[in-house]
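*Asks:* Questions regarding the structure given below will be posed in turn.
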Amino acid sequence: MALVMMQGHVFDALVYPATRADPLYLLQAVLHGSTAPGFLFASGFVAGLPRAPLSFTASLRRAKRLLFVLGVGYAIHLPYFSLWKTLAATPAEKAALYACDALQVIAVTQLAVLVLQWISGRHWVPVAAALAAIVLAAGPGVWASDVARRLPTPLGAYLDMSVAPSQFPIFPFASFVLAGTVAGAALGRQDPATRQRRGLVWGFGLIASGVLLSSLLRGVVDFWGVSPAYALIRIGALLLILLGVEALSRRTQAVRPLALLGHETLLVYVLHLLMLYGGVVGASPLARHFGTLGFAQAAGVLLLMLPVVFAAAWGWHRFKARAPHAASLALLFLGVAFVYEFLTRPW
């Protein structure tokens with residue numbers, strides 16, 4: 001998913017606009033459409049693996065990590081590296097800042113899962129499954145109600161795409177995180193044979209349910225938007241992909257480099273966005289090439305980016321493994337330095 005995500009972003013940004021009608025571009029766009037739901041589902045799967053409810057210390061540690069992820073999500077969207085200049089930003093720039101992206105929906109939904117685990121105790125799994133179903137069922141109504149426009153933009157941006165350019169609002173994308181937590185708890189701790197059997201049943205069952213529901217909702221709800229049918233098909237397909245990757249990993253060692261990207265997904269996500277689009281910490285060297293390259297040239301840029309991303313992921317992973325306390329202090333220092341600069345820069 002990390003590799004397909006990078007490939008999709010590189011091609012979206014760099015290839016000629018005229019090639020967007022090319023069948024090859026449309027094929028990669030379809031593949032790229034699975035990456036975000038895959039990240040959301042995988043983040044939930046990992047969160048669902050530990051037996052819950054967690055201890056107070058473990059819950060606090062996870063909450064702090066999730067708040068850090070949330071902060072990173074907003075930092076990526078900052079229009080300026082100054083609080084005062086950001087306060088004077090245009091309405092469009094502020095809307096982009098408040099948009100609910102992948103990191104925001106992951107952090108907010110997983111924080112909600114933490115609360116759910118403490119309230120429901122050992123019964124949290126069926127409650128989380130019910131909540132995922134509610135998010136899916138309520139999505140079309142929430143989008144049609146315009147309730148987001150009656151809320152402050154920072155809150156309304158989490159509900160739909162009407163008040164901010166939110167790529168992944170809670171409705172319906174929180175359902176992918178919730179479904180992942182349910183899968184992690186129900187399948188992740190099972191033996192491989194049981195996981196394979198149950199995963200196949202649930203995977204194909206969800207796909208069949210989504211196909212049936214799509215026919216019932218045809219002409220009522222946009223399939224590619226907030227349709228529950230779309231989400232069910234995606235979740236079922238992600239379960240099957242999960243089983244396929246697990247089976248492949250037992251047969252070959254070739255997927256080990258991908259495991260490194262999986263361990264350091266946040267670093268990979270942030271680093272490739274900064275390399276491609278830039279941000280408040282610096283401009284992207286690729287910005288002048290947006291919309292000017294062919295498929296082969298864009299693929300060459302991707303191949304040049306991959307060693308940089310792998311090296312950064314490997315170095316940070318080794319550093320954390322050998323000196324976890326120092327790694328935590330490094331993150332704390334970088335976070336404090338970033339916030340200090342943001343608050344004190346006059347313009």
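Naming scheme: A, B, ... for chains in displayed order of the structure tokens; residues 1 onward per chain; ligands 1 onward as shown.
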Which residues of stretch 200-316 of chain A sit at most 8 Å from stretch 137-155 of chain A, using only C-alpha atoms? Give each one's shortest atom pair and distance in Å (one decimal place), in chain and ascending residue order, as a tab-separated table.

*Replies:*
```
residue	atom	partner	partner_atom	distance
A:Val221	CA	A:Pro140	CA	6.9
A:Val226	CA	A:Pro140	CA	5.8
A:Ser227	CA	A:Pro140	CA	6.8
A:Pro228	CA	A:Ala137	CA	6.4
```

*Asks:* Could you work out how far atom CA of A:Ile233 lies from atom CA of A:Gly205, giving the answer in Å with one decimal?

*Replies:*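 We find that atom CA of A:Gly205 and atom CA of A:Ile233 lie 9.2 Å from each other.
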
*Asks:* What gap, in Å, lies between atom CA of A:Gln104 and atom CA of A:His9?

*Replies:*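 Distance between the two atoms: 18.7 Å.
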
*Asks:* Mind checking DSSP for stretch 36-119 of chain A and telling me the alpha helix (DSSP H) residues as a PDB file with N, CA and C atoms, in the first residue's frame?

*Replies:*
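This went into part_6.pdb:
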```pdb
ATOM      1  N   ALA A  36      -5.643   4.440   0.357  1.00  0.00           N
ATOM      2  CA  ALA A  36      -6.142   5.123   1.568  1.00  0.00           C
ATOM      3  C   ALA A  36      -7.015   4.214   2.413  1.00  0.00           C
ATOM      4  N   PRO A  37      -8.031   3.529   1.828  1.00  0.00           N
ATOM      5  CA  PRO A  37      -8.774   2.572   2.648  1.00  0.00           C
ATOM      6  C   PRO A  37      -7.867   1.506   3.257  1.00  0.00           C
ATOM      7  N   GLY A  38      -6.819   1.126   2.515  1.00  0.00           N
ATOM      8  CA  GLY A  38      -5.894   0.129   3.051  1.00  0.00           C
ATOM      9  C   GLY A  38      -5.135   0.639   4.259  1.00  0.00           C
ATOM     10  N   PHE A  39      -4.667   1.885   4.214  1.00  0.00           N
ATOM     11  CA  PHE A  39      -3.988   2.476   5.374  1.00  0.00           C
ATOM     12  C   PHE A  39      -4.926   2.566   6.563  1.00  0.00           C
ATOM     13  N   LEU A  40      -6.150   3.016   6.328  1.00  0.00           N
ATOM     14  CA  LEU A  40      -7.108   3.159   7.424  1.00  0.00           C
ATOM     15  C   LEU A  40      -7.415   1.798   8.039  1.00  0.00           C
ATOM     16  N   PHE A  41      -7.653   0.799   7.193  1.00  0.00           N
ATOM     17  CA  PHE A  41      -7.959  -0.543   7.671  1.00  0.00           C
ATOM     18  C   PHE A  41      -6.777  -1.130   8.435  1.00  0.00           C
ATOM     19  N   ALA A  42      -5.562  -0.959   7.894  1.00  0.00           N
ATOM     20  CA  ALA A  42      -4.371  -1.526   8.543  1.00  0.00           C
ATOM     21  C   ALA A  42      -4.105  -0.863   9.887  1.00  0.00           C
ATOM     22  N   SER A  43      -4.314   0.457   9.969  1.00  0.00           N
ATOM     23  CA  SER A  43      -4.103   1.136  11.245  1.00  0.00           C
ATOM     24  C   SER A  43      -5.056   0.602  12.305  1.00  0.00           C
ATOM     25  N   GLY A  44      -6.291   0.335  11.898  1.00  0.00           N
ATOM     26  CA  GLY A  44      -7.244  -0.250  12.827  1.00  0.00           C
ATOM     27  C   GLY A  44      -6.887  -1.681  13.188  1.00  0.00           C
ATOM     28  N   PHE A  45      -6.391  -2.450  12.222  1.00  0.00           N
ATOM     29  CA  PHE A  45      -6.037  -3.855  12.472  1.00  0.00           C
ATOM     30  C   PHE A  45      -4.964  -3.947  13.555  1.00  0.00           C
ATOM     31  N   VAL A  46      -3.944  -3.098  13.441  1.00  0.00           N
ATOM     32  CA  VAL A  46      -2.869  -3.101  14.442  1.00  0.00           C
ATOM     33  C   VAL A  46      -3.408  -2.691  15.812  1.00  0.00           C
ATOM     34  N   ALA A  47      -4.301  -1.685  15.824  1.00  0.00           N
ATOM     35  CA  ALA A  47      -4.863  -1.228  17.097  1.00  0.00           C
ATOM     36  C   ALA A  47      -5.737  -2.291  17.751  1.00  0.00           C
ATOM     37  N   GLY A  48      -6.305  -3.182  16.935  1.00  0.00           N
ATOM     38  CA  GLY A  48      -7.182  -4.215  17.480  1.00  0.00           C
ATOM     39  C   GLY A  48      -6.465  -5.453  17.978  1.00  0.00           C
ATOM     40  N   PHE A  56      -4.246   1.674  32.076  1.00  0.00           N
ATOM     41  CA  PHE A  56      -4.284   3.136  31.980  1.00  0.00           C
ATOM     42  C   PHE A  56      -3.000   3.662  31.363  1.00  0.00           C
ATOM     43  N   THR A  57      -1.852   3.091  31.760  1.00  0.00           N
ATOM     44  CA  THR A  57      -0.564   3.556  31.229  1.00  0.00           C
ATOM     45  C   THR A  57      -0.467   3.299  29.731  1.00  0.00           C
ATOM     46  N   ALA A  58      -0.878   2.098  29.295  1.00  0.00           N
ATOM     47  CA  ALA A  58      -0.823   1.775  27.867  1.00  0.00           C
ATOM     48  C   ALA A  58      -1.794   2.641  27.068  1.00  0.00           C
ATOM     49  N   SER A  59      -2.976   2.892  27.626  1.00  0.00           N
ATOM     50  CA  SER A  59      -3.954   3.751  26.942  1.00  0.00           C
ATOM     51  C   SER A  59      -3.419   5.163  26.799  1.00  0.00           C
ATOM     52  N   LEU A  60      -2.789   5.674  27.863  1.00  0.00           N
ATOM     53  CA  LEU A  60      -2.230   7.022  27.810  1.00  0.00           C
ATOM     54  C   LEU A  60      -1.102   7.096  26.791  1.00  0.00           C
ATOM     55  N   ARG A  61      -0.274   6.057  26.731  1.00  0.00           N
ATOM     56  CA  ARG A  61       0.828   6.036  25.771  1.00  0.00           C
ATOM     57  C   ARG A  61       0.283   6.031  24.335  1.00  0.00           C
ATOM     58  N   ARG A  62      -0.747   5.219  24.093  1.00  0.00           N
ATOM     59  CA  ARG A  62      -1.331   5.188  22.750  1.00  0.00           C
ATOM     60  C   ARG A  62      -2.020   6.506  22.426  1.00  0.00           C
ATOM     61  N   ALA A  63      -2.717   7.084  23.395  1.00  0.00           N
ATOM     62  CA  ALA A  63      -3.391   8.370  23.153  1.00  0.00           C
ATOM     63  C   ALA A  63      -2.388   9.447  22.773  1.00  0.00           C
ATOM     64  N   LYS A  64      -1.232   9.475  23.435  1.00  0.00           N
ATOM     65  CA  LYS A  64      -0.210  10.467  23.109  1.00  0.00           C
ATOM     66  C   LYS A  64       0.313  10.272  21.690  1.00  0.00           C
ATOM     67  N   ARG A  65       0.493   9.009  21.283  1.00  0.00           N
ATOM     68  CA  ARG A  65       0.937   8.750  19.912  1.00  0.00           C
ATOM     69  C   ARG A  65      -0.099   9.224  18.904  1.00  0.00           C
ATOM     70  N   LEU A  66      -1.370   8.969  19.208  1.00  0.00           N
ATOM     71  CA  LEU A  66      -2.429   9.361  18.287  1.00  0.00           C
ATOM     72  C   LEU A  66      -2.560  10.881  18.202  1.00  0.00           C
ATOM     73  N   LEU A  67      -2.385  11.568  19.313  1.00  0.00           N
ATOM     74  CA  LEU A  67      -2.415  13.031  19.284  1.00  0.00           C
ATOM     75  C   LEU A  67      -1.236  13.577  18.479  1.00  0.00           C
ATOM     76  N   PHE A  68      -0.091  12.895  18.557  1.00  0.00           N
ATOM     77  CA  PHE A  68       1.060  13.292  17.738  1.00  0.00           C
ATOM     78  C   PHE A  68       0.732  13.127  16.254  1.00  0.00           C
ATOM     79  N   VAL A  69       0.098  11.988  15.904  1.00  0.00           N
ATOM     80  CA  VAL A  69      -0.301  11.760  14.512  1.00  0.00           C
ATOM     81  C   VAL A  69      -1.273  12.840  14.053  1.00  0.00           C
ATOM     82  N   LEU A  70      -2.224  13.192  14.922  1.00  0.00           N
ATOM     83  CA  LEU A  70      -3.181  14.245  14.593  1.00  0.00           C
ATOM     84  C   LEU A  70      -2.471  15.573  14.354  1.00  0.00           C
ATOM     85  N   GLY A  71      -1.498  15.892  15.215  1.00  0.00           N
ATOM     86  CA  GLY A  71      -0.746  17.123  15.043  1.00  0.00           C
ATOM     87  C   GLY A  71       0.042  17.143  13.747  1.00  0.00           C
ATOM     88  N   VAL A  72       0.636  16.005  13.386  1.00  0.00           N
ATOM     89  CA  VAL A  72       1.375  15.918  12.126  1.00  0.00           C
ATOM     90  C   VAL A  72       0.437  16.141  10.945  1.00  0.00           C
ATOM     91  N   GLY A  73      -0.775  15.574  11.040  1.00  0.00           N
ATOM     92  CA  GLY A  73      -1.740  15.758   9.967  1.00  0.00           C
ATOM     93  C   GLY A  73      -2.057  17.217   9.714  1.00  0.00           C
ATOM     94  N   TYR A  74      -2.225  17.987  10.777  1.00  0.00           N
ATOM     95  CA  TYR A  74      -2.505  19.413  10.612  1.00  0.00           C
ATOM     96  C   TYR A  74      -1.249  20.186  10.202  1.00  0.00           C
ATOM     97  N   ALA A  75      -0.074  19.780  10.695  1.00  0.00           N
ATOM     98  CA  ALA A  75       1.169  20.460  10.327  1.00  0.00           C
ATOM     99  C   ALA A  75       1.426  20.367   8.820  1.00  0.00           C
ATOM    100  N   ILE A  76       1.086  19.226   8.232  1.00  0.00           N
ATOM    101  CA  ILE A  76       1.261  19.058   6.786  1.00  0.00           C
ATOM    102  C   ILE A  76       0.400  20.052   6.017  1.00  0.00           C
ATOM    103  N   HIS A  77      -0.767  20.411   6.572  1.00  0.00           N
ATOM    104  CA  HIS A  77      -1.707  21.294   5.887  1.00  0.00           C
ATOM    105  C   HIS A  77      -1.454  22.779   6.132  1.00  0.00           C
ATOM    106  N   LEU A  83       1.965  31.332  13.167  1.00  0.00           N
ATOM    107  CA  LEU A  83       0.593  31.385  13.668  1.00  0.00           C
ATOM    108  C   LEU A  83      -0.102  32.655  13.202  1.00  0.00           C
ATOM    109  N   TRP A  84       0.585  33.787  13.276  1.00  0.00           N
ATOM    110  CA  TRP A  84      -0.044  35.070  12.963  1.00  0.00           C
ATOM    111  C   TRP A  84      -0.363  35.179  11.488  1.00  0.00           C
ATOM    112  N   LYS A  85       0.504  34.668  10.646  1.00  0.00           N
ATOM    113  CA  LYS A  85       0.212  34.694   9.217  1.00  0.00           C
ATOM    114  C   LYS A  85      -0.893  33.697   8.875  1.00  0.00           C
ATOM    115  N   THR A  86      -0.922  32.573   9.579  1.00  0.00           N
ATOM    116  CA  THR A  86      -1.981  31.589   9.356  1.00  0.00           C
ATOM    117  C   THR A  86      -3.338  32.152   9.766  1.00  0.00           C
ATOM    118  N   LEU A  87      -3.371  32.922  10.866  1.00  0.00           N
ATOM    119  CA  LEU A  87      -4.626  33.540  11.287  1.00  0.00           C
ATOM    120  C   LEU A  87      -5.149  34.521  10.244  1.00  0.00           C
ATOM    121  N   PRO A  91      -9.797  32.449   3.276  1.00  0.00           N
ATOM    122  CA  PRO A  91     -10.757  31.381   3.617  1.00  0.00           C
ATOM    123  C   PRO A  91     -10.411  30.041   2.965  1.00  0.00           C
ATOM    124  N   ALA A  92      -9.931  30.082   1.726  1.00  0.00           N
ATOM    125  CA  ALA A  92      -9.568  28.839   1.049  1.00  0.00           C
ATOM    126  C   ALA A  92      -8.384  28.163   1.731  1.00  0.00           C
ATOM    127  N   GLU A  93      -7.398  28.945   2.150  1.00  0.00           N
ATOM    128  CA  GLU A  93      -6.237  28.385   2.833  1.00  0.00           C
ATOM    129  C   GLU A  93      -6.624  27.793   4.185  1.00  0.00           C
ATOM    130  N   LYS A  94      -7.526  28.467   4.897  1.00  0.00           N
ATOM    131  CA  LYS A  94      -7.988  27.947   6.186  1.00  0.00           C
ATOM    132  C   LYS A  94      -8.805  26.671   5.990  1.00  0.00           C
ATOM    133  N   ALA A  95      -9.620  26.627   4.954  1.00  0.00           N
ATOM    134  CA  ALA A  95     -10.390  25.415   4.684  1.00  0.00           C
ATOM    135  C   ALA A  95      -9.472  24.234   4.401  1.00  0.00           C
ATOM    136  N   ALA A  96      -8.383  24.489   3.643  1.00  0.00           N
ATOM    137  CA  ALA A  96      -7.417  23.420   3.374  1.00  0.00           C
ATOM    138  C   ALA A  96      -6.721  22.966   4.651  1.00  0.00           C
ATOM    139  N   LEU A  97      -6.451  23.896   5.564  1.00  0.00           N
ATOM    140  CA  LEU A  97      -5.832  23.548   6.845  1.00  0.00           C
ATOM    141  C   LEU A  97      -6.733  22.642   7.662  1.00  0.00           C
ATOM    142  N   TYR A  98      -8.038  22.914   7.674  1.00  0.00           N
ATOM    143  CA  TYR A  98      -8.975  22.168   8.515  1.00  0.00           C
ATOM    144  C   TYR A  98      -9.420  20.844   7.893  1.00  0.00           C
ATOM    145  N   ALA A 102      -6.111  11.584   5.815  1.00  0.00           N
ATOM    146  CA  ALA A 102      -5.933  10.222   6.331  1.00  0.00           C
ATOM    147  C   ALA A 102      -5.466  10.214   7.788  1.00  0.00           C
ATOM    148  N   LEU A 103      -4.475  11.049   8.118  1.00  0.00           N
ATOM    149  CA  LEU A 103      -3.945  11.037   9.483  1.00  0.00           C
ATOM    150  C   LEU A 103      -4.996  11.507  10.488  1.00  0.00           C
ATOM    151  N   GLN A 104      -5.805  12.485  10.100  1.00  0.00           N
ATOM    152  CA  GLN A 104      -6.834  12.980  11.012  1.00  0.00           C
ATOM    153  C   GLN A 104      -7.878  11.919  11.319  1.00  0.00           C
ATOM    154  N   VAL A 105      -8.372  11.243  10.286  1.00  0.00           N
ATOM    155  CA  VAL A 105      -9.438  10.269  10.531  1.00  0.00           C
ATOM    156  C   VAL A 105      -8.893   9.050  11.274  1.00  0.00           C
ATOM    157  N   ILE A 106      -7.634   8.677  11.024  1.00  0.00           N
ATOM    158  CA  ILE A 106      -7.027   7.577  11.775  1.00  0.00           C
ATOM    159  C   ILE A 106      -6.922   7.934  13.249  1.00  0.00           C
ATOM    160  N   ALA A 107      -6.382   9.117  13.534  1.00  0.00           N
ATOM    161  CA  ALA A 107      -6.165   9.512  14.928  1.00  0.00           C
ATOM    162  C   ALA A 107      -7.478   9.663  15.677  1.00  0.00           C
ATOM    163  N   VAL A 108      -8.428  10.367  15.094  1.00  0.00           N
ATOM    164  CA  VAL A 108      -9.697  10.621  15.782  1.00  0.00           C
ATOM    165  C   VAL A 108     -10.475   9.327  15.995  1.00  0.00           C
ATOM    166  N   THR A 109     -10.507   8.464  15.000  1.00  0.00           N
ATOM    167  CA  THR A 109     -11.262   7.213  15.139  1.00  0.00           C
ATOM    168  C   THR A 109     -10.607   6.290  16.149  1.00  0.00           C
ATOM    169  N   GLN A 110      -9.282   6.213  16.144  1.00  0.00           N
ATOM    170  CA  GLN A 110      -8.622   5.341  17.114  1.00  0.00           C
ATOM    171  C   GLN A 110      -8.734   5.882  18.531  1.00  0.00           C
ATOM    172  N   LEU A 111      -8.755   7.202  18.690  1.00  0.00           N
ATOM    173  CA  LEU A 111      -9.027   7.759  20.021  1.00  0.00           C
ATOM    174  C   LEU A 111     -10.431   7.372  20.473  1.00  0.00           C
ATOM    175  N   ALA A 112     -11.383   7.390  19.549  1.00  0.00           N
ATOM    176  CA  ALA A 112     -12.741   6.960  19.884  1.00  0.00           C
ATOM    177  C   ALA A 112     -12.771   5.481  20.256  1.00  0.00           C
ATOM    178  N   VAL A 113     -11.945   4.665  19.596  1.00  0.00           N
ATOM    179  CA  VAL A 113     -11.878   3.238  19.929  1.00  0.00           C
ATOM    180  C   VAL A 113     -11.329   3.039  21.339  1.00  0.00           C
ATOM    181  N   LEU A 114     -10.337   3.847  21.722  1.00  0.00           N
ATOM    182  CA  LEU A 114      -9.816   3.767  23.091  1.00  0.00           C
ATOM    183  C   LEU A 114     -10.926   4.019  24.113  1.00  0.00           C
ATOM    184  N   VAL A 115     -11.715   5.059  23.875  1.00  0.00           N
ATOM    185  CA  VAL A 115     -12.830   5.363  24.772  1.00  0.00           C
ATOM    186  C   VAL A 115     -13.840   4.213  24.759  1.00  0.00           C
ATOM    187  N   LEU A 116     -14.111   3.700  23.575  1.00  0.00           N
ATOM    188  CA  LEU A 116     -15.063   2.592  23.435  1.00  0.00           C
ATOM    189  C   LEU A 116     -14.600   1.360  24.209  1.00  0.00           C
ATOM    190  N   GLN A 117     -13.308   1.078  24.169  1.00  0.00           N
ATOM    191  CA  GLN A 117     -12.775  -0.084  24.882  1.00  0.00           C
ATOM    192  C   GLN A 117     -12.931   0.063  26.387  1.00  0.00           C
ATOM    193  N   TRP A 118     -12.724   1.270  26.896  1.00  0.00           N
ATOM    194  CA  TRP A 118     -12.863   1.485  28.330  1.00  0.00           C
ATOM    195  C   TRP A 118     -14.327   1.415  28.762  1.00  0.00           C
ATOM    196  N   ILE A 119     -15.231   1.883  27.914  1.00  0.00           N
ATOM    197  CA  ILE A 119     -16.652   1.869  28.269  1.00  0.00           C
ATOM    198  C   ILE A 119     -17.233   0.462  28.161  1.00  0.00           C
TER     199      ILE A 119
END
```

*Asks:* What's the 9 Å shell around stretch 131-135 of chain A, counting only C-alpha atoms, without same-chain residues fewer than 5 positions away, as a PyMOL selection string?

*Replies:* chain A and resi 126+170-179+228

*Asks:* Expressed in Å to a single decimal, how great is the separation between atom CA of A:His325 and atom CA of A:Glu341?

*Replies:* 24.3 Å

*Asks:* Taking only C-alpha atoms into account, which of A:Leu187, A:Ala88, A:Leu136, A:Ala254 comes nearest A:Leu232?

*Replies:*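 Of A:Leu187, A:Ala88, A:Leu136, A:Ala254, the one nearest A:Leu232 is A:Leu136, counting only C-alpha atoms.
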
*Asks:* Find the nearest atom pair between each residue of stretch 79-142 of chain A and stretch 275-285 of chain A for residues within 9 Å, count only C-alpha atoms, give distances in Å to one decimal, sort rows by chain and ascending number, and present the table as JSON lines.

*Replies:*
```
{"residue": "A:Pro79", "atom": "CA", "partner": "A:Val280", "partner_atom": "CA", "distance": 6.8}
{"residue": "A:Tyr80", "atom": "CA", "partner": "A:Val280", "partner_atom": "CA", "distance": 5.7}
{"residue": "A:Phe81", "atom": "CA", "partner": "A:Val280", "partner_atom": "CA", "distance": 5.3}
```

*Asks:* So that I have them on file, write out the residues from the current selection with N, CA and C atoms, as a PDB file, in the first residue's frame.

*Replies:*
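Written output follows (result.pdb):
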```
ATOM      1  N   PRO A  79      -0.698  26.492   5.930  1.00  0.00           N
ATOM      2  CA  PRO A  79      -0.374  27.341   4.777  1.00  0.00           C
ATOM      3  C   PRO A  79       0.898  28.164   4.983  1.00  0.00           C
ATOM      4  N   TYR A  80       1.215  28.494   6.252  1.00  0.00           N
ATOM      5  CA  TYR A  80       2.386  29.305   6.558  1.00  0.00           C
ATOM      6  C   TYR A  80       3.015  28.802   7.857  1.00  0.00           C
ATOM      7  N   PHE A  81       4.331  29.015   7.972  1.00  0.00           N
ATOM      8  CA  PHE A  81       5.051  28.602   9.179  1.00  0.00           C
ATOM      9  C   PHE A  81       5.038  29.738  10.201  1.00  0.00           C
TER      10      PHE A  81
END
```

*Asks:* Pick from A:Ala323, A:Val201, A:Leu238, A:Ala21: nearest to A:Gly33, with only C-alpha atoms counted?

*Replies:*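 That would be A:Leu238, the residue with the smallest distance to A:Gly33.
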
*Asks:* Using only C-alpha atoms, find the one residue out of A:Ala29, A:Gly300, A:Leu213, A:Pro50 that sits nearest to A:Ala183.

*Replies:*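 Nearest candidate to A:Ala183 out of A:Ala29, A:Gly300, A:Leu213, A:Pro50: A:Pro50.
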
*Asks:* Kindly indicate which residue among A:Val10, A:Leu329, A:Ala208, A:Val4 lies nearest to A:Ala287, using only C-alpha atoms for the distances.

*Replies:*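 Looking at the shortest contact to A:Ala287, the residue is A:Val10.
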
*Asks:* Which of these, A:Phe11, A:Leu332, A:Trp124, A:Pro192, has the shortest distance to A:Leu302 once you count only C-alpha atoms?

*Replies:*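 Closest candidate: A:Phe11.
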